[in-house]
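Down below is the structure, laid out as structure tokens.
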Protein chains: 2
Amino acid sequence: MGRTSTARDRLRDSACELLHTRGYAAVGVAEICVRADVRKGSFYHFFESKQALTIEVIDTHWQAQRTGWRELLTGPESALERLQRLIGWLVETQRQGWQETGRVDGCLLGNLAIELSNQEAAVQQRLTAAFAEQTELVHAALADGVRDGSVAPGYADRATARAVVAQIEGAVLLAKLAGGVGSLDDLWPHVRRLVTVPPTDESTGN
Amino acid sequence: MGRTSTARDRLRDSACELLHTRGYAAVGVAEICVRADVRKGSFYHFFESKQALTIEVIDTHWQAQRTGWRELLTGPESALERLQRLIGWLVETQRQGWQETGRVDGCLLGNLAIELSNQEAAVQQRLTAAFAEQTELVHAALADGVRDGSVAPGYADRATARAVVAQIEGAVLLAKLAGGVGSLDDLWPHVRRLVTVPPTDESTGN
């Protein structure tokens, strides 16, 4: 973000970048202020604490992401095709980050969930809400898929939707560990197995 | 560990507990020494740095875990039953931790992978080796499963084995976020979908 944005926006954007790259405990208020070009004395004029800023980062990030999730899961295509489009976009986001930085920073919400869930109740609450929304959006798509025939009946429950979100998070974790996004090409075929029965020629294959 | 163990063992055990509960950046050498009842001045007699201690924690933890993985994936049962046994054990480990502490601390290796992969090359290297071994152990079981008929041909490749590991990590992440292990009861049915085609009565359901 340019320096024409407000100090508050710069603090939030700088924190988002630093939290995504390095995590919560590793980043202090002083470093966020330097990155944002805001005097440390001004920080507490805008935010009560690093935790309060982190909650705003989570809300802002998920609000933007949610728009993408909703748009990609909406349309005239089959529910399975819409789900594939969502996965493609999530993978592309990781690929772009990797191309820009040479790193895979992974999923900001997943990173913070791993680091803070058992330590910061207010952060955990916000992350829980975001992941619950992700699960509900996938769940609704799966229900559509049963109606349009692209998702197998019995594969459209809430637990399956949560398993899709889990597969995304786990695959992104392994990509982050690998420092590359190649393995994410397999994410869609694996998500598809969680929600559909394979075609007959595959199930009888030998 | 009791105080009869050596200072070096106490440092490693204390670090393991603190890293698992709170993460790497949030825990300092001083706190590890207090927990271990070792004078801070002695720390550097045993370990060059917090990073070096962390690498020893990872190696010790994975060596113990690996024994479990190998034993559970070996036996006269079908490969699918052996895989189910492994998943059951992993879930039980999380459940025991939750019962003892009221928290879900998740997977030590996954937590550190998320926090450090893009920052600490030496740690990333050790974690990469551990996750590669997990993937290979699952891959070998899947290959057995094709031979004994419990795993569908075409579902026994290395990418599928990695998807199983991803499913475990993602599900544990969501359990950690939820602060409870209830959702892990669904882990096995979802892993099974990744490696087998469903029985005919399920695939024709409506």
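Labels used: A, B, ... for chains in the order of the structure tokens, numbers from 1 for residues in each chain, and numbers from 1 for ligands as shown.
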Closest-contact table, chain B side, partner chain A, 8 Å, counting only C-alpha atoms, as CSV:
```
residue,atom,partner,partner_atom,distance
B:Thr21,CA,A:Asn118,CA,7.7
B:Arg22,CA,A:Glu115,CA,7.2
B:Gly23,CA,A:Glu115,CA,6.5
B:Ala25,CA,A:Ala26,CA,5.2
B:Ala26,CA,A:Ala25,CA,5.2
B:Arg103,CA,A:Asn118,CA,6.2
B:Val104,CA,A:Asn118,CA,6.9
B:Asp105,CA,A:Asn118,CA,6.8
B:Gly106,CA,A:Ile114,CA,7.9
B:Gly110,CA,A:Leu173,CA,7.6
B:Asn111,CA,A:Ile114,CA,6.0
B:Ala113,CA,A:Leu177,CA,5.8
B:Ile114,CA,A:Asn111,CA,6.0
B:Glu115,CA,A:Gly23,CA,6.5
B:Leu116,CA,A:Arg22,CA,7.8
B:Ser117,CA,A:Leu177,CA,5.1
B:Asn118,CA,A:Arg103,CA,6.2
B:Gln119,CA,A:Arg22,CA,7.3
B:Gln124,CA,A:Leu177,CA,6.5
B:Leu127,CA,A:Leu177,CA,7.6
B:Thr128,CA,A:Leu177,CA,6.5
B:Ala152,CA,A:Ser203,CA,7.3
B:Pro153,CA,A:Asn206,CA,6.0
B:Gly154,CA,A:Gly205,CA,7.9
B:Ala159,CA,A:Asp186,CA,6.9
B:Thr160,CA,A:His190,CA,7.4
B:Ala163,CA,A:His190,CA,6.8
B:Val165,CA,A:Gly170,CA,7.6
B:Ala166,CA,A:Gly170,CA,4.0
B:Gln167,CA,A:Gln167,CA,4.9
B:Ile168,CA,A:Gly170,CA,7.3
B:Glu169,CA,A:Gly170,CA,5.1
B:Gly170,CA,A:Ala166,CA,4.0
B:Ala171,CA,A:Ala166,CA,5.1
B:Leu173,CA,A:Ile114,CA,6.2
B:Leu174,CA,A:Ala166,CA,6.9
B:Lys176,CA,A:Ser117,CA,6.3
B:Leu177,CA,A:Ser117,CA,5.0
B:Ala178,CA,A:Thr128,CA,7.0
B:Gly179,CA,A:Asn118,CA,6.9
B:Ser183,CA,A:Ala159,CA,7.8
B:Asp186,CA,A:Ala159,CA,7.0
B:Leu187,CA,A:Ala163,CA,7.8
B:His190,CA,A:Leu194,CA,6.6
B:Arg193,CA,A:Leu194,CA,5.8
B:Leu194,CA,A:Arg193,CA,5.8
B:Val197,CA,A:Ser203,CA,5.9
B:Pro198,CA,A:Val197,CA,6.8
B:Ser203,CA,A:Val197,CA,6.0
B:Gly205,CA,A:Pro153,CA,6.5
B:Asn206,CA,A:Pro153,CA,5.8
```
- Message: Just want the 8 Å neighbourhood of B:Ala143, counted on only C-alpha atoms, with same-chain residues fewer than 6 positions away dropped. Output as a count of residues only.
- Response: 3
- Query: Do you have the atom CA of B:Leu86-atom CA of B:Trp69 distance handy?
  - Reply: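 Answer for the atom CA of B:Leu86 to atom CA of B:Trp69 separation: 6.5 Å.
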- Message: When you look at stretch 44-59 of chain B with a cut-off of 10 Å (counting only C-alpha atoms), what residues show up, excluding the ones that are within fewer than 4 positions of it in the same chain? I need them as an NGL selection string.
- Response: :B and (7-9 or 11-17 or 19 or 24-25 or 27-29 or 32 or 40 or 63-65 or 108-109 or 112 or 120 or 122-127 or 129-130)
- Enter the distance from atom CA of B:Leu137 to atom CA of B:Thr93, in Å, rounded to one decimal. 18.8 Å
- In stretch 3-189 of chain A, what's alpha helix (DSSP H) per DSSP? Answer as a ChimeraX atom specification? /A:7-22,29-36,40-46,50-72,79-101,108-116,121-148,158-178,187-189
- Message: Just checking: using only C-alpha atoms, which residue out of B:Thr6, B:Gly182, B:Leu90, B:Ala141 ends up closest to B:Asp37?
- Response: B:Thr6
- Name the residues in contact with A:Asp144 at a cut-off of 10 Å, using only C-alpha atoms, excluding same-chain residues fewer than 6 positions from it; report them as a list in words. Ser78, Ala79, Leu80, Val138, Ser150, Val151 and Ala156 of chain A
